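As structure tokens, the structure follows; a few thoughts come after it.
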Amino acid sequence: MMWTQCSYRLRFGIVLLLTLVPYAFALQAPLFFDDLPNLVNNPVLQIDGRVFDEWRTAAFSSGSGALRRPVSMLSFALNHAFFGEFTPATLKAVNLAIHLTIGLLIYLLAEVLFRAPALRPMDSTRRHWAALAAAAIWLLHPLHVSTVLYSVQRMAQLSALFVVLGLWVFSRYRLRWAHSGATVGEIAAAAIWLLIITVFATLSKENGALLPWLLLVVETALFRGQWWGVRRPSLVKLGWLALLLPILLIGLIFLFRPELFTAGYQLRDFSLVERLMTQCRVLWLYLGWLVIPDISAMGFQHDDIALSRGLLQPYSTVLALAGWVLAVIAAFFLRYRYPMLLFAVLFFLVGHVMESTVLALEMVFEHRNYLPGIGICLLMASLLTSEKLWQLKINPVLPLVGILCVFLVLLAIRCMVWSDAFLMARTNVINHPDSPRANYFYAEALQDKHKQGAEEGLSEGEIKALVVAMRQQFFRVHELAPTDTSALVSLYYTDAQYFPDLGKQLDWFSVLERALRARVLQASDFVSLSVLVDCVGNGGCQALGSRVESLLDDLIVKYPREERLYLVKYDFLVFSGAPVQQRIALLEKASVLSPEHASLQYLLVLENGKNDDIAGMYEVARQWLAHDGRRWDLPLIKRLFVFPEASQ
Amino acid sequence: MAAPWLLWLLFLAVTVWVYAPGIAGPALLDDRASVMVMDELNEHPEYALDYILGDTSGPLGRPVSMVSFVLEKLYLDEGISGGKKVNIALHLVNGSLVVWLFTYLLAYVRAPAYRWLAVTLGATWLLSPLYVSTVLYVVQRMAMLGALFMLAACVSYAGWRMALVRGETGRWQLPLVLVFLILAVFAKENSIVVLPILLLMEALWFGFRGEGGRPIIWLRRTSLGMIFLGTLFLATFFTVNADWLVNSYGNMPFNLQERVLTESNILWEYVGQLYSPDVTGMGLYHDDVIVAKSLTDPRGTLGSVVAWLGFFLLCLVLLRWQRGRYFVFACSIFVVGHLTESTILPLELYFEHRNYFPGIGLFLLLGLPLVAILKKWPEPTAPLLVCLGLYVLTLVLQTSSQVQLWSNGPLLKLNNVNAHPESYRANTDMGAELAQAGELVAALEYSARAHRARPSEREGDHDIRDLALSCLANKPLPDERVVLIGTVHAERPLSSVSTLQVLVRLLQGDTCPEFDRVGFANRMKQVFLEEGHDDKAANQIYSRLAVLESSLERYDNAYVYIEKFLNVSPDDVTGLLMKLHFSTALDLATEVSATIARLQALNENEKLTVSEQQTLSLYLEN
């Protein structure tokens with residue numbers, strides 16, 4: 001018995017090791033995209049941990065999500081306090097450790113779930129192999145590379161960790177109750193534990209709130225009202241009712257407060273209906289990746305996905321929708337014969353409810369499968385260790401090992417790609433040639449390479465070739481997304497710097513102006529405008545000075561409540577040497593719109609200081625403090641009043 | 001067995017970590033008057049007894065608290081930060097005593113995992129954000145020491161009772177109760193409430209039961225007798241002295257009825273702040289609290305009064321059941337704990353530190369439903385304790401942010417003025433802050449807001465404050481502002497001694513060389529010595545003006561002021577010493593002899609402190 005336990009642990013240890021090795025080689029990959037605002041450019045998060053309150057403010061320093069994801073942010077703060085800085089290796093190593101821990105929990109969960117009453121009894125060896133297979137498939141799955149090696153996705157990881165923990169706790173209790181019932185106290189204890197775990201999951205990332213719903217999936221698909229050795233029809237009905245209740249609730253919310261769902265679509269180039277239709281296809285895409293991990297289709301950017309404008313536009317939309325309806329119906333009617341199928345389908349769909357349905361989020365992200373994929377991995381594991389396969393004369397473990405070897409190779413390739421920023425950008429473009437973002441990222445990678453060209457000893461010819469390639473990429477972005485402002489700014493800058501003759505023929509700035517005036521401003525446009533103003537400031541786009549100012553003024557008139565525009569204009573005023581009073585007046589206007597905006601208030605205090613207006617500094621600080629009701633900016637405000645003399 | 005205590009050590013460590021930034025916080029209000037005046041103690045340790053017996057904060061002089069300040073000054077001497085360190089240490093001791101008390105009480109009711117429960121409930125008290133203003137306000141050590149000895153008395157009593165329940169005598173613990181009771185009262189007078197709390201603990205929690213649940217008849221008779229006699233005494237005392245009580249409200253901006261009505265609102269607010277803290281409303285100043293003029297003004301008053309009546313009725317009903325009596329006892333710690341400061345006595349309306357001891361009852365109350373649940377269903381013990389731990393976490397987060405505010409003077413003032421924009425004190429503090437930063441115009445604006453917040457303030461006091469602010473900013477106000485003093489309310493133009501004292505100290509310290517000190521003193525002389533009748537100010541105003549004239553070496557004017565002062569307080573030693581100083585300077589030999597004789601007479605009656613004796617001896621040598 002002890003030897004068997006040891007061998008189980010050894011096998012699982014091998015799986016962990018196999019997962020660790022390819023990831024370990026990719027830990028040095030740089031931080032990028034959302035890592036920057038959330039981690040690198042977040043001063044409140046970068047603490048040494050000596051002051052208790054720093055942990056509080058660091059925990060609530062994320063602008064992401066309705067609840068600010070304090071558990072995840074706390075883990076990042078711990079990262080910084082422990083290692084003294086944010087380095088890709090330390091951040092990603094922790095992500096990897098979390099990934100391995102979830103793998104262990106999946107093993108434990110599967111070990112319990114494969115004993116559920118709805119499934120045919122398995123002997124302990126087969127159950128061990130099934131649990132090991134589920135954990136190994138999930139751990140080695142190449143789809144999860146973009147979650148584990150993308151530091152900020154620790155939020156999704158931690159949420160998944162708590163959800164799996166909750167599922168395991170529930171399953172253990174439930175298995176005991178299925179055989180020998182439970183006391184009121186035991187049920188209460190389980191409920192309270194699960195409530196606590198749900199809170200932690202939700203405070204890691206909001207989709208952790210799906211845990212109770214996923215528990216119902218486990219209940220209806222695998223435990224089926226079994227209580228004290230007897231199947232209780234009332235419990236079965238209750239389970240199904242509770243499972244469907246959230247759908248009813250969502251429907252009611254949509255009926256009475258539709259703006260909760262529709263408001264976010266004002267800034268999107270698709271409607272709610274279009275998103276729902278597109279997601280039908282996207283979910284099949286995800287499922288495909290989970291079952292057959294085609295790494296050539298994977299990537300960081302998936303903005304090349306065609307939107308479903310109607311059921312027949314493209315045709316695959318109606319097929320995808322019908323496919324899901326059929327899948328659910330089939331899973332329901334086959335629930336006695338293939339309970340794991342019902343579990344996997346429901347787990348996958350419920351796991352995607354938050355991010356892949358009505359909310360106005362972007363269309364495709366691989367990390368969204370980190371949790372829902374567990375159901376599919378369990379299904380695959382049950383198939384690979386099915387009774388029939390086990391009764392064959394060949395070694396039943398061989399197919400599993402074969403599949404895992406394939407997964408391992410694919411994982412290693414993907415990790416290698418992710419270990420180098422340039423290689424990743426290039427691979428993304430190869431995998432998604434029609435993705436504007438992939439092309440833009442590649443263009444930026446070329447730009448970086450060009451900047452480092454001289455240091456790396458590239459010849460003049462090679463450097464020129466890089467410039468040409470870079471321009472070509474920016475132009476490709478413009479071709480794919482003609483109103484993409486980042487490409488237009490980059491094209492203007494590139495032509496002004498390296499291709500002045502082309503610049504005379506192509507008035508990119510006029511195109512940019514038309515684009516900005518013609519459509520609703522998007523988040524990326526503010527970044528583009530900032531880049532443009534920086535370009536004016538550093539002399540690269542000096543000729544545009546007055547045109548940029550006039551464009552910003554027009555945009556402020558059009559969007560008088562958009563404080564980000566005021567901040568861009570402020571930068572412009574700083575670069576153009578405008579008097580301090582003018583800068584203060586602008587910031588004060590923005591401050592009225594967004595009194596809780598930390599960097600805005602900070603700038604206003606500094607500008608008042610430059611104006612020798614100490615009373616003004618106090619007044620801004622007072623208002624900032626008044627609007628910062630939860631005291632999340634307290635370290636920043638306090639910093640204003642900690643003078644070097646006082647600290648000595 | 002050791003694990004709960006390890007958890008408690010962890011809570012203590014977290015408390016130190018959370019409170020540590022507060023050590024850098026500023027000195028506040030009464031710190032300056034009660035604690036920071038001991039500067040000369042290191043040079044003259046013989047003055048120690050003067051300080052210990054010389055405090056005038058309460059009727060008993062709070063010598064136990066003063067001993068702690070004196071010892072701190074003699075052996076630690078780290079200024080205000082040292083005081084805050086000692087307070088934090090005392091808070092940890094108090095927290096440990098709370099846990100000790102809870103352990104006894106919960107063990108008696110056989111609560112499952114009572115040690116864990118006691119530790120976690122103790123942590124809710126230890127880390128409540130409402131106590132930041134007690135722990136980080138040095139002078140509130142008086143309240144903290146009072147609470148410490150009250151808790152020690154409760155723990156000793158509960159320990160004695162548990163010994164009786166076990167069939168032991170526990171004789172050594174009972175005298176300790178008396179010792180701690182006396183120390184508590186001499187730390188702060190309101191600690192006397194521990195006596196009824198001990199009696200209620202016996203009656204409601206231990207139920208006069210001893211070994212094997214057998215009733216202890218003599219204990220029942222003694223306890224019930226004392227409760228009866230105590231109630232009778234209080235009822236008689238306040239009935240007989242009803243007029244005195246009503247008249248003692250003469251100097252307050254509210255009357256007895258208004259105070260009782262307002263306190264019924266405030267007590268509910270305290271309950272809310274303890275269970276579900278809203279730190280944005282917390283602060284040093286609550287002088288903007290709305291005084292309840294009647295049951296319907298403000299509207300919520302009726303609801304508060306009815307709720308309290310309902311609560312008392314509920315308590316009467318619950319007395320029938322044992323569990324109900326536990327509930328009533330926990331509530332009584334809160335209610336009885338507030339008896340002296342939050343009922344009929346003419347004190348200010350609202351202070352957060354008043355909840356330091358009474359809050360213990362509310363946190364004990366929090367544990368009672370848990371005890372009831374866990375006794376019936378013990379399985380959820382661990383998750384419920386975790387939930388309680390998470391509640392502690394939410395309290396810690398708020399306490400931590402509150403400590404940050406208290407760790408920095410300007411930040412605290414900004415927060416006070418945000419939390420209480422109608423507070424007179426918050427606005428005057430903010431004005432002083434801005435004046436110190438050299439921003440006189442903004443400072444005067446806050447001063448004006450303070451004046452609007454307290455319509456009863458005399459124009460003269462407002463003028464004096466503005467002059468003090470201009471001195472702080474070292475930017476003189478136009479002479480017209482000085483001339484205006486005494487033109488409004490000419491019969492009694494000034495009422496705030498402290499405001500005048502601040503200005504005089506600033507002028508004495510030459511904070512503002514630009515200020516026309518002579519011009520100001522002349523105007524004061526005009527107002528108080530030349531125009532109108534004698535009774536134009538409280539005598540303390542005259543003594544401060546005497547100090548002003550003395551600093552200008554105009555001893556003739558100083559002499560006249562101090563004479564006016566001594567007319568009202570003829571035996572005031574400080575006043576007599578000042579008179580002696582001025583008479584000597586003016587060569588008034590007869591006056592000098594008479595004053596020395598008077599002081600010697602007082603000294604024979606032991607009315608002079610050591611430092612006053614030394615001052616007098618200087619004149620005797622000459």
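Ligands are numbered from 1 in the order shown, chains are lettered A, B, ... in the order of the structure tokens, and residues start at 1 in each chain.
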
Enumerate, in order of chain and increasing residue number, the residues of chain A with an atom no farther than 6 Å from chain B, each with its shortest atom pair and distance in Å to one decimal, counting only C-alpha atoms, as CSV.
residue,atom,partner,partner_atom,distance
A:Phe52,CA,B:Val18,CA,5.5
A:Asp53,CA,B:Ser400,CA,5.5
A:Gly185,CA,B:Trp377,CA,4.8
A:Glu186,CA,B:Glu379,CA,5.5
A:Ala189,CA,B:Pro380,CA,4.0
A:Ile192,CA,B:Pro383,CA,6.0
A:Trp193,CA,B:Pro383,CA,5.7
A:Ala615,CA,B:Glu439,CA,5.9
A:Arg622,CA,B:Leu414,CA,5.6
A:Ala626,CA,B:Asn418,CA,6.0

Could you go through stretch 321-351 of chain A and tell me which residues DSSP, when run on the backbone, assigns to helix (DSSP H, G or I), listing them as a PDB file with N, CA and C atoms, in the first residue's frame?
ATOM      1  N   LEU A 321     -23.894  27.661 -33.340  1.00  0.00           N
ATOM      2  CA  LEU A 321     -25.009  27.785 -32.394  1.00  0.00           C
ATOM      3  C   LEU A 321     -25.759  26.452 -32.295  1.00  0.00           C
ATOM      4  N   ALA A 322     -26.072  25.907 -33.480  1.00  0.00           N
ATOM      5  CA  ALA A 322     -26.791  24.627 -33.502  1.00  0.00           C
ATOM      6  C   ALA A 322     -25.945  23.550 -32.829  1.00  0.00           C
ATOM      7  N   GLY A 323     -24.657  23.621 -33.055  1.00  0.00           N
ATOM      8  CA  GLY A 323     -23.743  22.652 -32.452  1.00  0.00           C
ATOM      9  C   GLY A 323     -23.820  22.671 -30.943  1.00  0.00           C
ATOM     10  N   TRP A 324     -23.853  23.859 -30.373  1.00  0.00           N
ATOM     11  CA  TRP A 324     -23.908  23.945 -28.907  1.00  0.00           C
ATOM     12  C   TRP A 324     -25.247  23.454 -28.371  1.00  0.00           C
ATOM     13  N   VAL A 325     -26.310  23.822 -29.094  1.00  0.00           N
ATOM     14  CA  VAL A 325     -27.636  23.353 -28.649  1.00  0.00           C
ATOM     15  C   VAL A 325     -27.655  21.824 -28.667  1.00  0.00           C
ATOM     16  N   LEU A 326     -27.157  21.264 -29.762  1.00  0.00           N
ATOM     17  CA  LEU A 326     -27.132  19.795 -29.874  1.00  0.00           C
ATOM     18  C   LEU A 326     -26.221  19.167 -28.817  1.00  0.00           C
ATOM     19  N   ALA A 327     -25.095  19.801 -28.595  1.00  0.00           N
ATOM     20  CA  ALA A 327     -24.142  19.256 -27.614  1.00  0.00           C
ATOM     21  C   ALA A 327     -24.774  19.186 -26.237  1.00  0.00           C
ATOM     22  N   VAL A 328     -25.490  20.251 -25.881  1.00  0.00           N
ATOM     23  CA  VAL A 328     -26.118  20.271 -24.551  1.00  0.00           C
ATOM     24  C   VAL A 328     -27.226  19.222 -24.483  1.00  0.00           C
ATOM     25  N   ILE A 329     -28.030  19.183 -25.540  1.00  0.00           N
ATOM     26  CA  ILE A 329     -29.131  18.202 -25.548  1.00  0.00           C
ATOM     27  C   ILE A 329     -28.566  16.782 -25.484  1.00  0.00           C
ATOM     28  N   ALA A 330     -27.553  16.547 -26.321  1.00  0.00           N
ATOM     29  CA  ALA A 330     -26.974  15.198 -26.350  1.00  0.00           C
ATOM     30  C   ALA A 330     -26.372  14.846 -24.991  1.00  0.00           C
ATOM     31  N   ALA A 331     -25.658  15.791 -24.412  1.00  0.00           N
ATOM     32  CA  ALA A 331     -25.035  15.530 -23.106  1.00  0.00           C
ATOM     33  C   ALA A 331     -26.105  15.231 -22.065  1.00  0.00           C
ATOM     34  N   PHE A 332     -27.239  15.952 -22.169  1.00  0.00           N
ATOM     35  CA  PHE A 332     -28.312  15.745 -21.199  1.00  0.00           C
ATOM     36  C   PHE A 332     -28.923  14.345 -21.365  1.00  0.00           C
ATOM     37  N   PHE A 333     -29.221  14.028 -22.612  1.00  0.00           N
ATOM     38  CA  PHE A 333     -29.891  12.736 -22.807  1.00  0.00           C
ATOM     39  C   PHE A 333     -28.954  11.537 -22.630  1.00  0.00           C
ATOM     40  N   PRO A 339     -21.860  10.171 -18.156  1.00  0.00           N
ATOM     41  CA  PRO A 339     -21.992  11.315 -17.217  1.00  0.00           C
ATOM     42  C   PRO A 339     -20.855  12.315 -17.337  1.00  0.00           C
ATOM     43  N   MET A 340     -19.676  11.783 -17.702  1.00  0.00           N
ATOM     44  CA  MET A 340     -18.516  12.679 -17.804  1.00  0.00           C
ATOM     45  C   MET A 340     -18.700  13.676 -18.955  1.00  0.00           C
ATOM     46  N   LEU A 341     -19.434  13.274 -19.970  1.00  0.00           N
ATOM     47  CA  LEU A 341     -19.688  14.173 -21.111  1.00  0.00           C
ATOM     48  C   LEU A 341     -20.526  15.363 -20.650  1.00  0.00           C
ATOM     49  N   LEU A 342     -21.605  15.050 -19.886  1.00  0.00           N
ATOM     50  CA  LEU A 342     -22.449  16.133 -19.370  1.00  0.00           C
ATOM     51  C   LEU A 342     -21.621  17.058 -18.482  1.00  0.00           C
ATOM     52  N   PHE A 343     -20.805  16.447 -17.625  1.00  0.00           N
ATOM     53  CA  PHE A 343     -19.968  17.247 -16.726  1.00  0.00           C
ATOM     54  C   PHE A 343     -19.054  18.175 -17.530  1.00  0.00           C
ATOM     55  N   ALA A 344     -18.375  17.606 -18.525  1.00  0.00           N
ATOM     56  CA  ALA A 344     -17.393  18.394 -19.290  1.00  0.00           C
ATOM     57  C   ALA A 344     -18.072  19.538 -20.046  1.00  0.00           C
ATOM     58  N   VAL A 345     -19.221  19.239 -20.673  1.00  0.00           N
ATOM     59  CA  VAL A 345     -19.917  20.277 -21.459  1.00  0.00           C
ATOM     60  C   VAL A 345     -20.401  21.391 -20.539  1.00  0.00           C
ATOM     61  N   LEU A 346     -21.055  20.995 -19.449  1.00  0.00           N
ATOM     62  CA  LEU A 346     -21.576  22.021 -18.531  1.00  0.00           C
ATOM     63  C   LEU A 346     -20.439  22.802 -17.882  1.00  0.00           C
ATOM     64  N   PHE A 347     -19.393  22.099 -17.475  1.00  0.00           N
ATOM     65  CA  PHE A 347     -18.262  22.767 -16.822  1.00  0.00           C
ATOM     66  C   PHE A 347     -17.628  23.769 -17.779  1.00  0.00           C
ATOM     67  N   PHE A 348     -17.474  23.361 -19.023  1.00  0.00           N
ATOM     68  CA  PHE A 348     -16.860  24.241 -20.026  1.00  0.00           C
ATOM     69  C   PHE A 348     -17.732  25.478 -20.252  1.00  0.00           C
ATOM     70  N   LEU A 349     -19.036  25.253 -20.412  1.00  0.00           N
ATOM     71  CA  LEU A 349     -19.926  26.386 -20.713  1.00  0.00           C
ATOM     72  C   LEU A 349     -20.083  27.310 -19.505  1.00  0.00           C
ATOM     73  N   VAL A 350     -20.292  26.731 -18.331  1.00  0.00           N
ATOM     74  CA  VAL A 350     -20.441  27.574 -17.132  1.00  0.00           C
ATOM     75  C   VAL A 350     -19.139  28.324 -16.865  1.00  0.00           C
ATOM     76  N   GLY A 351     -18.026  27.631 -17.053  1.00  0.00           N
ATOM     77  CA  GLY A 351     -16.728  28.274 -16.833  1.00  0.00           C
ATOM     78  C   GLY A 351     -16.493  29.462 -17.746  1.00  0.00           C
TER      79      GLY A 351
END

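Atom CA of B:Gln436 is positioned 5.4 Å from atom CA of B:Leu472.
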
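Residues with any atom within 7 Å of stretch 574-581 of chain A, counting only C-alpha atoms and excluding same-chain neighbours fewer than 4 positions away, are Gly537, Tyr570, Ala585, Glu607 and Asn611 of chain A.
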
Let me see the file: selected residues, N, CA and C atoms, as an mmCIF file, in the first residue's frame.
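The result, written out as out_23.cif:
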data_model
loop_
_atom_site.group_PDB
_atom_site.id
_atom_site.type_symbol
_atom_site.label_atom_id
_atom_site.label_comp_id
_atom_site.auth_asym_id
_atom_site.auth_seq_id
_atom_site.Cartn_x
_atom_site.Cartn_y
_atom_site.Cartn_z
ATOM 1 N N GLY A 537 7.198 66.463 -28.379
ATOM 2 C CA GLY A 537 8.086 66.878 -27.294
ATOM 3 C C GLY A 537 9.535 66.563 -27.565
ATOM 4 N N TYR A 570 -2.201 68.216 -21.294
ATOM 5 C CA TYR A 570 -1.267 68.711 -20.272
ATOM 6 C C TYR A 570 0.171 68.408 -20.698
ATOM 7 N N ALA A 585 -4.844 75.494 -14.806
ATOM 8 C CA ALA A 585 -6.248 75.679 -15.220
ATOM 9 C C ALA A 585 -6.755 74.430 -15.937
ATOM 10 N N GLU A 607 2.171 71.106 -9.736
ATOM 11 C CA GLU A 607 2.089 72.366 -10.483
ATOM 12 C C GLU A 607 1.831 73.540 -9.530
ATOM 13 N N ASN A 611 4.132 76.810 -8.734
ATOM 14 C CA ASN A 611 3.544 78.153 -8.744
ATOM 15 C C ASN A 611 3.687 78.832 -7.380
#

- Query: Could you pull the residues within 10 Å of A:Leu555, counting only C-alpha atoms, minus those fewer than 5 positions along the same chain, as a list of chain:residue names?
  - Reply: A:Glu513, A:Leu516, A:Arg517, A:Leu521, A:Glu549, A:Ser550, A:Pro560, A:Glu562, A:Leu565, A:Tyr566

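Taking only C-alpha atoms, the non-local environment of stretch 269-272 of chain B within 8 Å (same-chain residues fewer than 4 positions away omitted) comprises Asn265, Ser276, Pro277, Glu352, Asn355 and Leu362 of chain B.
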
Output of the above residues as a PDB file, in the first residue's frame, restricted to N, CA and C atoms:
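Wrote selection_20.pdb, looks like this:
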ATOM      1  N   ASN B 265     -28.461  59.254  20.622  1.00  0.00           N
ATOM      2  CA  ASN B 265     -28.055  59.113  19.207  1.00  0.00           C
ATOM      3  C   ASN B 265     -26.609  58.651  19.113  1.00  0.00           C
ATOM      4  N   SER B 276     -19.270  47.989  12.535  1.00  0.00           N
ATOM      5  CA  SER B 276     -19.084  48.209  11.099  1.00  0.00           C
ATOM      6  C   SER B 276     -18.451  49.587  10.900  1.00  0.00           C
ATOM      7  N   PRO B 277     -17.155  49.668  11.142  1.00  0.00           N
ATOM      8  CA  PRO B 277     -16.515  50.992  11.196  1.00  0.00           C
ATOM      9  C   PRO B 277     -16.557  51.746   9.862  1.00  0.00           C
ATOM     10  N   GLU B 352     -14.208  59.449  20.863  1.00  0.00           N
ATOM     11  CA  GLU B 352     -14.043  58.038  20.487  1.00  0.00           C
ATOM     12  C   GLU B 352     -13.429  57.222  21.628  1.00  0.00           C
ATOM     13  N   ASN B 355     -15.089  54.737  24.214  1.00  0.00           N
ATOM     14  CA  ASN B 355     -15.479  53.353  23.917  1.00  0.00           C
ATOM     15  C   ASN B 355     -14.383  52.342  24.229  1.00  0.00           C
ATOM     16  N   LEU B 362     -19.323  44.797  23.510  1.00  0.00           N
ATOM     17  CA  LEU B 362     -19.909  44.535  22.190  1.00  0.00           C
ATOM     18  C   LEU B 362     -19.183  43.400  21.478  1.00  0.00           C
TER      19      LEU B 362
END

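Near B:Ala330, within 6 Å and counting only C-alpha atoms, sit Phe327, Ile333, Gly361, Leu364 and Leu365 of chain B; same-chain residues fewer than 3 positions away were not included.
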
- Item | 10 Å contact set for stretch 450-464 of chain B, only C-alpha atoms, chain neighbours under 2 positions out, as a PyMOL selection string | chain B and resi 253+287-288+421-431+444-448+466-470+481-490+492-504+520

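When only C-alpha atoms are used to measure the gap to A:Asp420, the shortest distance among A:Asn38, A:Thr202, A:Ser62, A:Gln28 belongs to A:Gln28.
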